[in-house]
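This is query_15.csv. It holds CSV, N, CA and C atoms.
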chain,number,residue,atom,x,y,z
A,1,MET,N,28.6,-3.8,-17.8
A,1,MET,CA,28.3,-3.1,-16.6
A,1,MET,C,27.0,-3.9,-16.0
A,2,ALA,N,27.1,-4.2,-14.7
A,2,ALA,CA,26.0,-4.9,-14.0
A,2,ALA,C,24.8,-4.0,-13.8
A,3,ALA,N,23.6,-4.5,-13.9
A,3,ALA,CA,22.4,-3.7,-13.7
A,3,ALA,C,22.2,-3.6,-12.2
A,4,ASN,N,21.6,-2.5,-11.8
A,4,ASN,CA,21.2,-2.3,-10.4
A,4,ASN,C,19.7,-2.7,-10.3
A,5,TYR,N,19.3,-3.5,-9.3
A,5,TYR,CA,17.9,-3.9,-9.1
A,5,TYR,C,17.7,-4.4,-7.7
A,6,LEU,N,16.5,-4.6,-7.4
A,6,LEU,CA,16.1,-5.2,-6.1
A,6,LEU,C,15.3,-6.4,-6.5
A,7,LYS,N,15.4,-7.4,-5.7
A,7,LYS,CA,14.5,-8.6,-5.8
A,7,LYS,C,13.2,-8.5,-5.0
A,8,GLY,N,12.1,-9.0,-5.6
A,8,GLY,CA,10.9,-8.9,-4.9
A,8,GLY,C,10.8,-9.9,-3.8
A,9,GLN,N,11.5,-11.1,-4.0
A,9,GLN,CA,11.5,-12.1,-3.0
A,9,GLN,C,12.2,-11.6,-1.7
A,10,GLY,N,11.4,-11.6,-0.6
A,10,GLY,CA,11.9,-11.1,0.7
A,10,GLY,C,11.3,-9.8,1.1
A,11,CYS,N,10.6,-9.1,0.2
A,11,CYS,CA,10.0,-7.9,0.6
A,11,CYS,C,8.8,-8.2,1.6
A,12,THR,N,8.5,-7.3,2.5
A,12,THR,CA,7.4,-7.5,3.4
A,12,THR,C,6.6,-6.3,3.6
A,13,VAL,N,5.3,-6.5,4.1
A,13,VAL,CA,4.4,-5.5,4.4
A,13,VAL,C,3.9,-5.7,5.8
A,14,GLY,N,4.0,-4.7,6.7
A,14,GLY,CA,3.6,-4.9,8.1
A,14,GLY,C,2.4,-3.9,8.4
A,15,ILE,N,1.7,-4.2,9.4
A,15,ILE,CA,0.5,-3.4,9.9
A,15,ILE,C,0.7,-3.1,11.4
A,16,ASP,N,0.3,-1.9,11.8
A,16,ASP,CA,0.3,-1.6,13.2
A,16,ASP,C,-0.8,-0.6,13.5
A,17,ASP,N,-1.1,-0.3,14.7
A,17,ASP,CA,-2.1,0.7,15.1
A,17,ASP,C,-1.5,2.1,14.9
A,18,VAL,N,-2.2,3.0,14.4
A,18,VAL,CA,-1.8,4.4,14.3
A,18,VAL,C,-1.5,5.0,15.7
A,19,GLY,N,-0.3,5.5,15.8
A,19,GLY,CA,0.1,6.2,17.1
A,19,GLY,C,0.5,5.2,18.1
A,20,ALA,N,0.7,3.9,17.8
A,20,ALA,CA,1.1,2.9,18.8
A,20,ALA,C,2.5,3.2,19.3
A,21,SER,N,2.7,3.0,20.6
A,21,SER,CA,4.1,3.2,21.1
A,21,SER,C,4.4,2.1,22.1
A,22,PRO,N,5.5,1.4,21.8
A,22,PRO,CA,6.4,1.5,20.7
A,22,PRO,C,5.7,1.0,19.4
A,23,VAL,N,6.2,1.4,18.2
A,23,VAL,CA,5.7,0.9,17.0
A,23,VAL,C,6.2,-0.5,16.8
A,24,SER,N,5.3,-1.4,16.5
A,24,SER,CA,5.6,-2.8,16.3
A,24,SER,C,4.8,-3.4,15.2
A,25,TYR,N,5.3,-3.4,14.0
A,25,TYR,CA,4.6,-3.9,12.8
A,25,TYR,C,4.5,-5.4,12.8
A,26,THR,N,3.2,-5.9,12.6
A,26,THR,CA,3.0,-7.3,12.4
A,26,THR,C,3.1,-7.6,10.9
A,27,THR,N,4.0,-8.5,10.6
A,27,THR,CA,4.1,-8.9,9.2
A,27,THR,C,2.9,-9.6,8.7
A,28,ILE,N,2.4,-9.2,7.5
A,28,ILE,CA,1.3,-9.8,6.9
A,28,ILE,C,1.8,-11.1,6.2
A,29,GLY,N,1.3,-12.2,6.7
A,29,GLY,CA,1.8,-13.5,6.2
A,29,GLY,C,1.2,-13.9,4.9
A,30,GLU,N,1.9,-14.9,4.2
A,30,GLU,CA,1.5,-15.5,3.0
A,30,GLU,C,1.4,-14.5,1.8
A,31,LEU,N,2.2,-13.4,1.9
A,31,LEU,CA,2.2,-12.4,0.9
A,31,LEU,C,2.8,-12.9,-0.4
A,32,VAL,N,2.0,-12.8,-1.5
A,32,VAL,CA,2.4,-13.3,-2.8
A,32,VAL,C,2.9,-12.1,-3.7
A,33,SER,N,2.2,-11.0,-3.6
A,33,SER,CA,2.6,-9.8,-4.4
A,33,SER,C,1.9,-8.6,-3.8
A,34,PHE,N,2.5,-7.4,-4.1
A,34,PHE,CA,1.9,-6.2,-3.7
A,34,PHE,C,2.2,-5.1,-4.6
A,35,SER,N,1.4,-4.0,-4.6
A,35,SER,CA,1.6,-2.9,-5.4
A,35,SER,C,1.6,-1.7,-4.5
A,36,THR,N,2.6,-0.9,-4.5
A,36,THR,CA,2.6,0.3,-3.6
A,36,THR,C,1.7,1.4,-4.1
A,37,PRO,N,1.3,2.3,-3.2
A,37,PRO,CA,0.3,3.3,-3.7
A,37,PRO,C,0.9,4.2,-4.8
A,38,GLU,N,0.1,4.4,-5.8
A,38,GLU,CA,0.5,5.3,-6.9
A,38,GLU,C,0.1,6.7,-6.5
A,39,GLU,N,1.1,7.6,-6.5
A,39,GLU,CA,0.8,8.9,-6.1
A,39,GLU,C,0.8,9.8,-7.3
A,40,THR,N,-0.2,10.7,-7.3
A,40,THR,CA,-0.4,11.6,-8.5
A,40,THR,C,-0.6,13.0,-7.9
A,41,ARG,N,-0.6,14.0,-8.8
A,41,ARG,CA,-0.9,15.4,-8.4
A,41,ARG,C,-2.1,15.8,-9.2
A,42,THR,N,-3.0,16.6,-8.6
A,42,THR,CA,-4.1,17.2,-9.3
A,42,THR,C,-3.6,18.1,-10.3
A,43,GLU,N,-4.1,18.1,-11.5
A,43,GLU,CA,-3.8,19.1,-12.5
A,43,GLU,C,-4.8,20.2,-12.6
A,44,ILE,N,-4.3,21.4,-12.5
A,44,ILE,CA,-5.2,22.6,-12.5
A,44,ILE,C,-5.0,23.3,-13.8
A,45,ASP,N,-6.1,23.4,-14.6
A,45,ASP,CA,-6.0,24.1,-15.8
A,45,ASP,C,-6.0,25.7,-15.6
A,46,VAL,N,-5.0,26.3,-16.0
A,46,VAL,CA,-4.9,27.8,-15.8
A,46,VAL,C,-4.8,28.5,-17.1
A,47,THR,N,-5.3,27.8,-18.2
A,47,THR,CA,-5.4,28.4,-19.5
A,47,THR,C,-6.3,29.6,-19.5
A,48,THR,N,-5.9,30.7,-20.2
A,48,THR,CA,-6.7,31.9,-20.4
A,48,THR,C,-7.0,32.1,-21.9
A,49,LEU,N,-7.8,33.1,-22.1
A,49,LEU,CA,-8.1,33.4,-23.5
A,49,LEU,C,-6.9,34.0,-24.2
A,50,ALA,N,-5.9,34.5,-23.5
A,50,ALA,CA,-4.7,35.0,-24.1
A,50,ALA,C,-3.7,33.9,-24.3
A,51,SER,N,-3.9,32.7,-23.8
A,51,SER,CA,-3.0,31.6,-24.0
A,51,SER,C,-2.9,31.1,-25.4
A,52,THR,N,-1.7,30.7,-25.8
A,52,THR,CA,-1.6,30.1,-27.1
A,52,THR,C,-1.5,28.6,-27.1
A,53,HIS,N,-1.5,28.0,-25.9
A,53,HIS,CA,-1.4,26.6,-25.7
A,53,HIS,C,-2.0,26.3,-24.3
A,54,GLU,N,-2.4,25.1,-24.1
A,54,GLU,CA,-2.9,24.8,-22.7
A,54,GLU,C,-1.9,25.0,-21.7
A,55,GLU,N,-2.3,25.6,-20.6
A,55,GLU,CA,-1.4,25.8,-19.4
A,55,GLU,C,-1.9,25.2,-18.2
A,56,ILE,N,-1.1,24.5,-17.4
A,56,ILE,CA,-1.5,23.9,-16.2
A,56,ILE,C,-0.5,24.2,-15.1
A,57,THR,N,-1.0,24.0,-13.9
A,57,THR,CA,-0.2,24.0,-12.7
A,57,THR,C,-0.6,22.8,-11.9
A,58,VAL,N,0.1,22.4,-10.9
A,58,VAL,CA,-0.3,21.2,-10.1
A,58,VAL,C,-0.7,21.6,-8.7
A,59,GLY,N,-1.6,20.8,-8.2
A,59,GLY,CA,-2.2,21.0,-6.9
A,59,GLY,C,-1.6,20.0,-5.9
A,60,LEU,N,-2.4,19.6,-5.0
A,60,LEU,CA,-2.0,18.6,-4.0
A,60,LEU,C,-1.7,17.3,-4.5
A,61,ARG,N,-0.7,16.6,-3.8
A,61,ARG,CA,-0.5,15.2,-4.1
A,61,ARG,C,-1.7,14.4,-3.6
A,62,LYS,N,-2.0,13.4,-4.4
A,62,LYS,CA,-3.1,12.5,-4.1
A,62,LYS,C,-2.5,11.1,-3.9
A,63,GLY,N,-2.9,10.5,-2.8
A,63,GLY,CA,-2.5,9.2,-2.5
A,63,GLY,C,-3.3,8.1,-3.2
A,64,GLY,N,-2.7,7.0,-3.4
A,64,GLY,CA,-3.4,5.9,-4.1
A,64,GLY,C,-3.7,4.8,-3.2
A,65,THR,N,-3.6,3.6,-3.7
A,65,THR,CA,-3.9,2.4,-2.9
A,65,THR,C,-2.8,1.4,-2.9
A,66,LEU,N,-2.6,0.8,-1.7
A,66,LEU,CA,-1.7,-0.3,-1.5
A,66,LEU,C,-2.5,-1.6,-1.7
A,67,THR,N,-2.1,-2.4,-2.7
A,67,THR,CA,-2.9,-3.6,-3.0
A,67,THR,C,-2.0,-4.8,-2.6
A,68,LEU,N,-2.6,-5.7,-1.8
A,68,LEU,CA,-1.9,-6.9,-1.4
A,68,LEU,C,-2.6,-8.2,-1.9
A,69,GLU,N,-1.8,-9.1,-2.4
A,69,GLU,CA,-2.3,-10.4,-2.8
A,69,GLU,C,-1.7,-11.4,-1.8
A,70,VAL,N,-2.5,-12.2,-1.2
A,70,VAL,CA,-2.0,-13.2,-0.2
A,70,VAL,C,-2.6,-14.6,-0.5
A,71,ASN,N,-1.9,-15.6,0.0
A,71,ASN,CA,-2.6,-16.9,0.1
A,71,ASN,C,-3.5,-16.8,1.3
A,72,TYR,N,-4.8,-16.9,1.1
A,72,TYR,CA,-5.8,-16.7,2.1
A,72,TYR,C,-5.6,-17.7,3.2
A,73,TYR,N,-5.3,-17.2,4.5
A,73,TYR,CA,-5.1,-18.0,5.6
A,73,TYR,C,-5.7,-17.3,6.8
A,74,PRO,N,-6.9,-17.7,7.2
A,74,PRO,CA,-7.5,-16.9,8.4
A,74,PRO,C,-6.8,-17.0,9.7
A,75,GLY,N,-5.8,-17.9,9.8
A,75,GLY,CA,-5.1,-18.0,11.1
A,75,GLY,C,-3.9,-17.1,11.1
A,76,ASP,N,-3.6,-16.3,10.0
A,76,ASP,CA,-2.5,-15.4,10.0
A,76,ASP,C,-2.9,-14.1,10.8
A,77,VAL,N,-2.0,-13.7,11.7
A,77,VAL,CA,-2.3,-12.6,12.5
A,77,VAL,C,-2.4,-11.3,11.7
A,78,GLY,N,-1.5,-11.1,10.8
A,78,GLY,CA,-1.6,-9.9,9.9
A,78,GLY,C,-2.8,-9.8,9.1
A,79,GLN,N,-3.3,-10.9,8.5
A,79,GLN,CA,-4.5,-11.0,7.7
A,79,GLN,C,-5.7,-10.7,8.7
A,80,THR,N,-5.7,-11.2,9.9
A,80,THR,CA,-6.7,-11.0,10.8
A,80,THR,C,-6.8,-9.5,11.2
A,81,GLU,N,-5.7,-8.9,11.3
A,81,GLU,CA,-5.7,-7.4,11.6
A,81,GLU,C,-6.2,-6.6,10.4
A,82,LEU,N,-5.9,-7.0,9.2
A,82,LEU,CA,-6.5,-6.3,8.0
A,82,LEU,C,-8.0,-6.5,8.0
A,83,GLU,N,-8.5,-7.7,8.3
A,83,GLU,CA,-9.9,-7.9,8.2
A,83,GLU,C,-10.6,-7.1,9.3
A,84,ALA,N,-10.0,-7.1,10.5
A,84,ALA,CA,-10.6,-6.3,11.6
A,84,ALA,C,-10.7,-4.8,11.3
A,85,ALA,N,-9.6,-4.3,10.7
A,85,ALA,CA,-9.6,-2.9,10.3
A,85,ALA,C,-10.6,-2.6,9.3
A,86,LEU,N,-10.9,-3.5,8.3
A,86,LEU,CA,-11.9,-3.3,7.3
A,86,LEU,C,-13.3,-3.2,8.0
A,87,VAL,N,-13.6,-4.2,8.9
A,87,VAL,CA,-14.9,-4.2,9.5
A,87,VAL,C,-15.1,-3.0,10.4
A,88,ALA,N,-14.1,-2.6,11.2
A,88,ALA,CA,-14.2,-1.5,12.1
A,88,ALA,C,-14.0,-0.1,11.5
A,89,GLY,N,-13.4,-0.1,10.3
A,89,GLY,CA,-13.2,1.2,9.7
A,89,GLY,C,-12.1,2.0,10.4
A,90,THR,N,-11.1,1.3,11.0
A,90,THR,CA,-10.0,2.0,11.7
A,90,THR,C,-8.8,2.3,10.8
A,91,GLU,N,-8.2,3.4,11.0
A,91,GLU,CA,-7.0,3.8,10.3
A,91,GLU,C,-5.8,2.9,10.9
A,92,LYS,N,-5.0,2.5,10.0
A,92,LYS,CA,-3.8,1.7,10.4
A,92,LYS,C,-2.5,2.3,9.8
A,93,SER,N,-1.4,1.9,10.4
A,93,SER,CA,-0.1,2.3,9.9
A,93,SER,C,0.5,1.1,9.2
A,94,PHE,N,1.1,1.4,8.1
A,94,PHE,CA,1.7,0.3,7.2
A,94,PHE,C,3.2,0.6,7.0
A,95,LYS,N,3.9,-0.5,6.8
A,95,LYS,CA,5.4,-0.4,6.5
A,95,LYS,C,5.7,-1.4,5.4
A,96,VAL,N,6.2,-0.9,4.3
A,96,VAL,CA,6.7,-1.8,3.2
A,96,VAL,C,8.2,-1.8,3.4
A,97,THR,N,8.8,-3.0,3.4
A,97,THR,CA,10.2,-3.1,3.5
A,97,THR,C,10.8,-3.8,2.3
A,98,PHE,N,11.7,-3.2,1.6
A,98,PHE,CA,12.3,-3.7,0.4
A,98,PHE,C,13.6,-4.5,0.7
A,99,THR,N,14.2,-5.1,-0.3
A,99,THR,CA,15.3,-6.1,-0.1
A,99,THR,C,16.7,-5.5,-0.2
A,100,ASP,N,16.9,-4.2,-0.3
A,100,ASP,CA,18.2,-3.6,-0.4
A,100,ASP,C,18.8,-3.6,1.0
A,101,SER,N,20.1,-3.3,1.1
A,101,SER,CA,20.8,-3.3,2.4
A,101,SER,C,21.6,-2.0,2.6
A,102,PRO,N,21.3,-1.2,3.6
A,102,PRO,CA,20.1,-1.4,4.5
A,102,PRO,C,18.8,-1.2,3.8
A,103,ALA,N,17.8,-1.8,4.4
A,103,ALA,CA,16.5,-1.9,3.7
A,103,ALA,C,15.8,-0.6,3.6
A,104,SER,N,15.4,-0.3,2.4
A,104,SER,CA,14.5,0.9,2.1
A,104,SER,C,13.1,0.6,2.6
A,105,THR,N,12.4,1.6,3.1
A,105,THR,CA,11.1,1.4,3.6
A,105,THR,C,10.2,2.5,3.1
A,106,TRP,N,8.9,2.2,3.0
A,106,TRP,CA,7.8,3.2,2.8
A,106,TRP,C,6.9,3.0,4.0
A,107,THR,N,6.6,4.0,4.8
A,107,THR,CA,5.7,3.9,5.9
A,107,THR,C,4.6,5.0,5.7
A,108,GLY,N,3.4,4.7,6.2
A,108,GLY,CA,2.3,5.6,6.1
A,108,GLY,C,1.0,5.0,6.6
A,109,ASN,N,0.0,5.8,6.7
A,109,ASN,CA,-1.3,5.4,7.2
A,109,ASN,C,-2.3,5.2,6.1
A,110,GLY,N,-3.3,4.4,6.4
A,110,GLY,CA,-4.3,4.1,5.4
A,110,GLY,C,-5.5,3.3,6.0
A,111,TYR,N,-6.5,3.2,5.3
A,111,TYR,CA,-7.7,2.4,5.7
A,111,TYR,C,-7.9,1.2,4.7
A,112,VAL,N,-8.2,0.1,5.3
A,112,VAL,CA,-8.5,-1.1,4.5
A,112,VAL,C,-9.9,-0.9,4.0
A,113,VAL,N,-10.0,-0.7,2.7
A,113,VAL,CA,-11.3,-0.4,2.0
A,113,VAL,C,-11.8,-1.5,1.2
A,114,GLY,N,-11.1,-2.6,1.0
A,114,GLY,CA,-11.6,-3.7,0.2
A,114,GLY,C,-10.9,-5.0,0.6
A,115,MET,N,-11.6,-6.1,0.4
A,115,MET,CA,-11.2,-7.5,0.5
A,115,MET,C,-11.9,-8.4,-0.4
A,116,SER,N,-11.2,-9.2,-1.2
A,116,SER,CA,-11.9,-10.1,-2.1
A,116,SER,C,-11.2,-11.4,-2.0
A,117,VAL,N,-12.1,-12.5,-1.9
A,117,VAL,CA,-11.6,-13.9,-1.8
A,117,VAL,C,-12.2,-14.7,-2.8
A,118,PRO,N,-11.7,-14.7,-4.1
A,118,PRO,CA,-12.3,-15.6,-5.1
A,118,PRO,C,-11.9,-17.1,-4.9
A,119,VAL,N,-12.8,-17.9,-5.0
A,119,VAL,CA,-12.6,-19.4,-4.8
A,119,VAL,C,-12.9,-20.1,-6.1
A,120,GLU,N,-11.9,-20.9,-6.6
A,120,GLU,CA,-12.1,-21.6,-7.9
A,120,GLU,C,-11.7,-23.1,-7.7
A,121,MET,N,-12.3,-23.9,-8.5
A,121,MET,CA,-12.0,-25.3,-8.4
A,121,MET,C,-10.5,-25.6,-8.9
A,122,ASP,N,-9.8,-26.5,-8.2
A,122,ASP,CA,-8.5,-26.9,-8.5
A,122,ASP,C,-7.5,-25.7,-8.4
A,123,SER,N,-7.7,-24.8,-7.4
A,123,SER,CA,-6.8,-23.7,-7.3
A,123,SER,C,-6.7,-23.3,-5.8
A,124,LYS,N,-5.6,-22.7,-5.4
A,124,LYS,CA,-5.5,-22.2,-4.1
A,124,LYS,C,-6.4,-21.0,-3.9
A,125,ILE,N,-6.8,-20.8,-2.6
A,125,ILE,CA,-7.6,-19.6,-2.3
A,125,ILE,C,-6.7,-18.4,-2.0
A,126,SER,N,-6.9,-17.4,-2.8
A,126,SER,CA,-6.1,-16.2,-2.7
A,126,SER,C,-7.0,-15.1,-2.1
A,127,CYS,N,-6.5,-14.0,-1.7
A,127,CYS,CA,-7.2,-12.9,-1.2
A,127,CYS,C,-6.5,-11.6,-1.6
A,128,THR,N,-7.3,-10.6,-2.0
A,128,THR,CA,-6.7,-9.3,-2.3
A,128,THR,C,-7.3,-8.3,-1.3
A,129,TYR,N,-6.4,-7.6,-0.7
A,129,TYR,CA,-6.7,-6.5,0.2
A,129,TYR,C,-6.4,-5.2,-0.4
A,130,THR,N,-7.2,-4.2,-0.3
A,130,THR,CA,-7.0,-2.9,-0.8
A,130,THR,C,-7.0,-1.9,0.3
A,131,ILE,N,-5.8,-1.2,0.4
A,131,ILE,CA,-5.6,-0.2,1.5
A,131,ILE,C,-5.5,1.2,0.8
A,132,ARG,N,-6.4,2.1,1.2
A,132,ARG,CA,-6.4,3.5,0.7
A,132,ARG,C,-5.5,4.3,1.5
A,133,GLN,N,-4.4,4.9,0.9
A,133,GLN,CA,-3.5,5.8,1.5
A,133,GLN,C,-4.2,7.0,2.1
A,134,ASN,N,-3.8,7.4,3.3
A,134,ASN,CA,-4.3,8.6,4.0
A,134,ASN,C,-3.1,9.5,4.4
A,135,GLY,N,-2.9,10.6,3.7
A,135,GLY,CA,-1.8,11.4,3.9
A,135,GLY,C,-0.6,10.9,3.2
A,136,ALA,N,0.5,11.7,3.4
A,136,ALA,CA,1.8,11.4,2.7
A,136,ALA,C,2.4,10.2,3.4
A,137,TRP,N,3.1,9.3,2.5
A,137,TRP,CA,3.9,8.2,3.0
A,137,TRP,C,5.4,8.7,3.0
A,138,VAL,N,6.1,8.2,3.9
A,138,VAL,CA,7.5,8.5,4.0
A,138,VAL,C,8.4,7.4,3.4
A,139,ARG,N,9.3,7.8,2.5
A,139,ARG,CA,10.2,6.9,2.0
A,139,ARG,C,11.6,7.1,2.6
A,140,ALA,N,12.1,6.0,3.2
A,140,ALA,CA,13.4,6.1,3.8
A,140,ALA,C,14.4,5.0,3.4

Show how you would write the structure in this file as structure tokens.
Amino acid sequence: MAANYLKGQGCTVGIDDVGASPVSYTTIGELVSFSTPEETRTEIDVTTLASTHEEITVGLRKGGTLTLEVNYYPGDVGQTELEAALVAGTEKSFKVTFTDSPASTWTGNGYVVGMSVPVEMDSKISCTYTIRQNGAWVRA
């Protein structure tokens, strides 16, 4: 039986202004890898003195971070938008597109909260952008 899987090659991440009309995502160029936001739920301890074992319930979903690694290229429009959002502290809309057909997507808002450009001898210059999820993301 054949395995079901998606390839990473061809996935994209786009950026746009929150509330833009029409929505038009600019693809972030030179993307090497990314990690989608990890979502968790707050655990609320509801154990009482009558309990015989720890008891919990769950609270709100908590958003995580979208982490992008790119080949650093200041001329890329998508990277320029990420840097401008970091400097200005503006919320942006993001769209992750996967390689299935029709393409699955994750869309949502976030703030660019980090950028790191390590430079080493005999190596390409990479850049890592960190985007903090704001609110729920929609998977379609």

Next on the checklist: Give me, as a PyMOL selection string, all polymer residues having an atom no more than 7 Å from segment 20-28 of chain A, counting only C-alpha atoms and skipping those fewer than 5 positions away in the same chain.
Outcome noted: chain A and resi 12-15+78-79

Item to check | All residues 6 Å or closer to segment 93-96 of chain A, all atoms listed in the file, same chain fewer than 3 positions away omitted, as an NGL selection string | outcome: :A and (12-18 or 104-110)

Under the rule of at most 6 Å, produce a per-residue listing of segment 50-107 of chain A near segment 120-126 of chain A: chain, number, name, the closest pair of atoms, and the distance in Å, as a tab-separated table, using only C-alpha atoms.
residue	atom	partner	partner_atom	distance
A:Val70	CA	A:Ser126	CA	5.7
A:Asn71	CA	A:Ser126	CA	4.5
A:Tyr72	CA	A:Ser126	CA	4.8

Checklist entry - So which one's closest to Ser33 of chain A, A:Gly8, A:Pro74, A:Gly135, A:Gly64? Using only C-alpha atoms, please. => result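 Of the candidates, the smallest distance to Ser33 of chain A is held by A:Gly8.
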
Next on the checklist: I'd like the contact shell of Leu66 of chain A - 8 Å cut-off, only C-alpha atoms, skipping same-chain residues fewer than 3 positions apart - returned as a PyMOL selection string.
Outcome noted: chain A and resi 34-37+130-133

Item to check | Å distance separating atom N of Glu91 of chain A from atom C of Thr42 of chain A, one decimal place | outcome: 26.3 Å

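Using only C-alpha atoms, the smallest distance between any of A:Ala136, A:Leu86, A:Cys127, A:Ala103 and Gly10 of chain A comes from A:Ala103.
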
Item to check | Interatomic distance, atom N of Leu31 of chain A to atom C of Gly114 of chain A (Å, one decimal) | outcome: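 Going from atom N of Leu31 of chain A over to atom C of Gly114 of chain A covers 15.6 Å.
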
Checklist entry - Quick one: of A:Thr97, A:Thr47, A:Thr65, A:Thr80, who's nearest to Gln9 of chain A, counting only C-alpha atoms? => result A:Thr97

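The gap separating atom N of Tyr5 of chain A from atom C of Pro102 of chain A is 13.3 Å, in Å to one decimal.
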
Next on the checklist: Could you go through segment 40-69 of chain A and tell me which residues DSSP, when run on the backbone, assigns to strand (DSSP E or B), listing them as a ChimeraX atom specification?
Outcome noted: /A:40-45,56-62,65-69

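Minimum atom-to-atom distance to Glu83 of chain A, evaluated using only C-alpha atoms, belongs to A:Met115 out of A:Met115, A:Glu39, A:Leu60, A:Thr99.
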
Once you've located segment 47-66 of chain A in the structure I gave, write it as a CSV table (one decimal), in the first residue's frame, keeping N, CA and C atoms.
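Dumped to out29.csv:
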chain,number,residue,atom,x,y,z
A,47,THR,N,-8.3,20.0,40.2
A,47,THR,CA,-8.2,19.0,41.3
A,47,THR,C,-8.7,19.6,42.6
A,48,THR,N,-9.5,18.8,43.4
A,48,THR,CA,-10.0,19.2,44.7
A,48,THR,C,-9.4,18.2,45.7
A,49,LEU,N,-9.7,18.6,47.0
A,49,LEU,CA,-9.2,17.7,48.1
A,49,LEU,C,-9.9,16.4,48.0
A,50,ALA,N,-11.1,16.3,47.4
A,50,ALA,CA,-11.8,15.0,47.3
A,50,ALA,C,-11.3,14.2,46.1
A,51,SER,N,-10.5,14.8,45.2
A,51,SER,CA,-10.0,14.0,44.0
A,51,SER,C,-9.1,12.9,44.4
A,52,THR,N,-9.1,11.8,43.6
A,52,THR,CA,-8.2,10.7,43.9
A,52,THR,C,-7.1,10.7,42.8
A,53,HIS,N,-7.1,11.6,41.9
A,53,HIS,CA,-6.1,11.8,40.9
A,53,HIS,C,-6.2,13.2,40.3
A,54,GLU,N,-5.1,13.7,39.8
A,54,GLU,CA,-5.1,15.1,39.2
A,54,GLU,C,-6.3,15.2,38.2
A,55,GLU,N,-7.0,16.3,38.2
A,55,GLU,CA,-8.0,16.5,37.2
A,55,GLU,C,-7.8,17.9,36.5
A,56,ILE,N,-8.0,17.9,35.2
A,56,ILE,CA,-7.8,19.1,34.5
A,56,ILE,C,-8.9,19.4,33.6
A,57,THR,N,-9.1,20.6,33.1
A,57,THR,CA,-9.9,20.9,32.0
A,57,THR,C,-9.0,21.8,31.1
A,58,VAL,N,-9.5,22.2,30.0
A,58,VAL,CA,-8.7,23.0,29.1
A,58,VAL,C,-9.3,24.4,28.9
A,59,GLY,N,-8.5,25.3,28.7
A,59,GLY,CA,-9.0,26.7,28.4
A,59,GLY,C,-8.8,27.1,27.0
A,60,LEU,N,-8.4,28.3,26.8
A,60,LEU,CA,-8.3,28.9,25.4
A,60,LEU,C,-7.2,28.2,24.6
A,61,ARG,N,-7.4,28.2,23.3
A,61,ARG,CA,-6.3,27.8,22.4
A,61,ARG,C,-5.3,28.9,22.4
A,62,LYS,N,-4.0,28.6,22.4
A,62,LYS,CA,-2.9,29.5,22.4
A,62,LYS,C,-2.2,29.4,21.1
A,63,GLY,N,-2.0,30.5,20.4
A,63,GLY,CA,-1.2,30.4,19.2
A,63,GLY,C,0.3,30.4,19.4
A,64,GLY,N,1.0,29.9,18.4
A,64,GLY,CA,2.4,29.8,18.5
A,64,GLY,C,3.1,30.8,17.5
A,65,THR,N,4.2,30.3,17.0
A,65,THR,CA,5.0,31.1,16.1
A,65,THR,C,5.2,30.4,14.8
A,66,LEU,N,5.1,31.2,13.7
A,66,LEU,CA,5.5,30.8,12.4
A,66,LEU,C,7.0,31.2,12.2
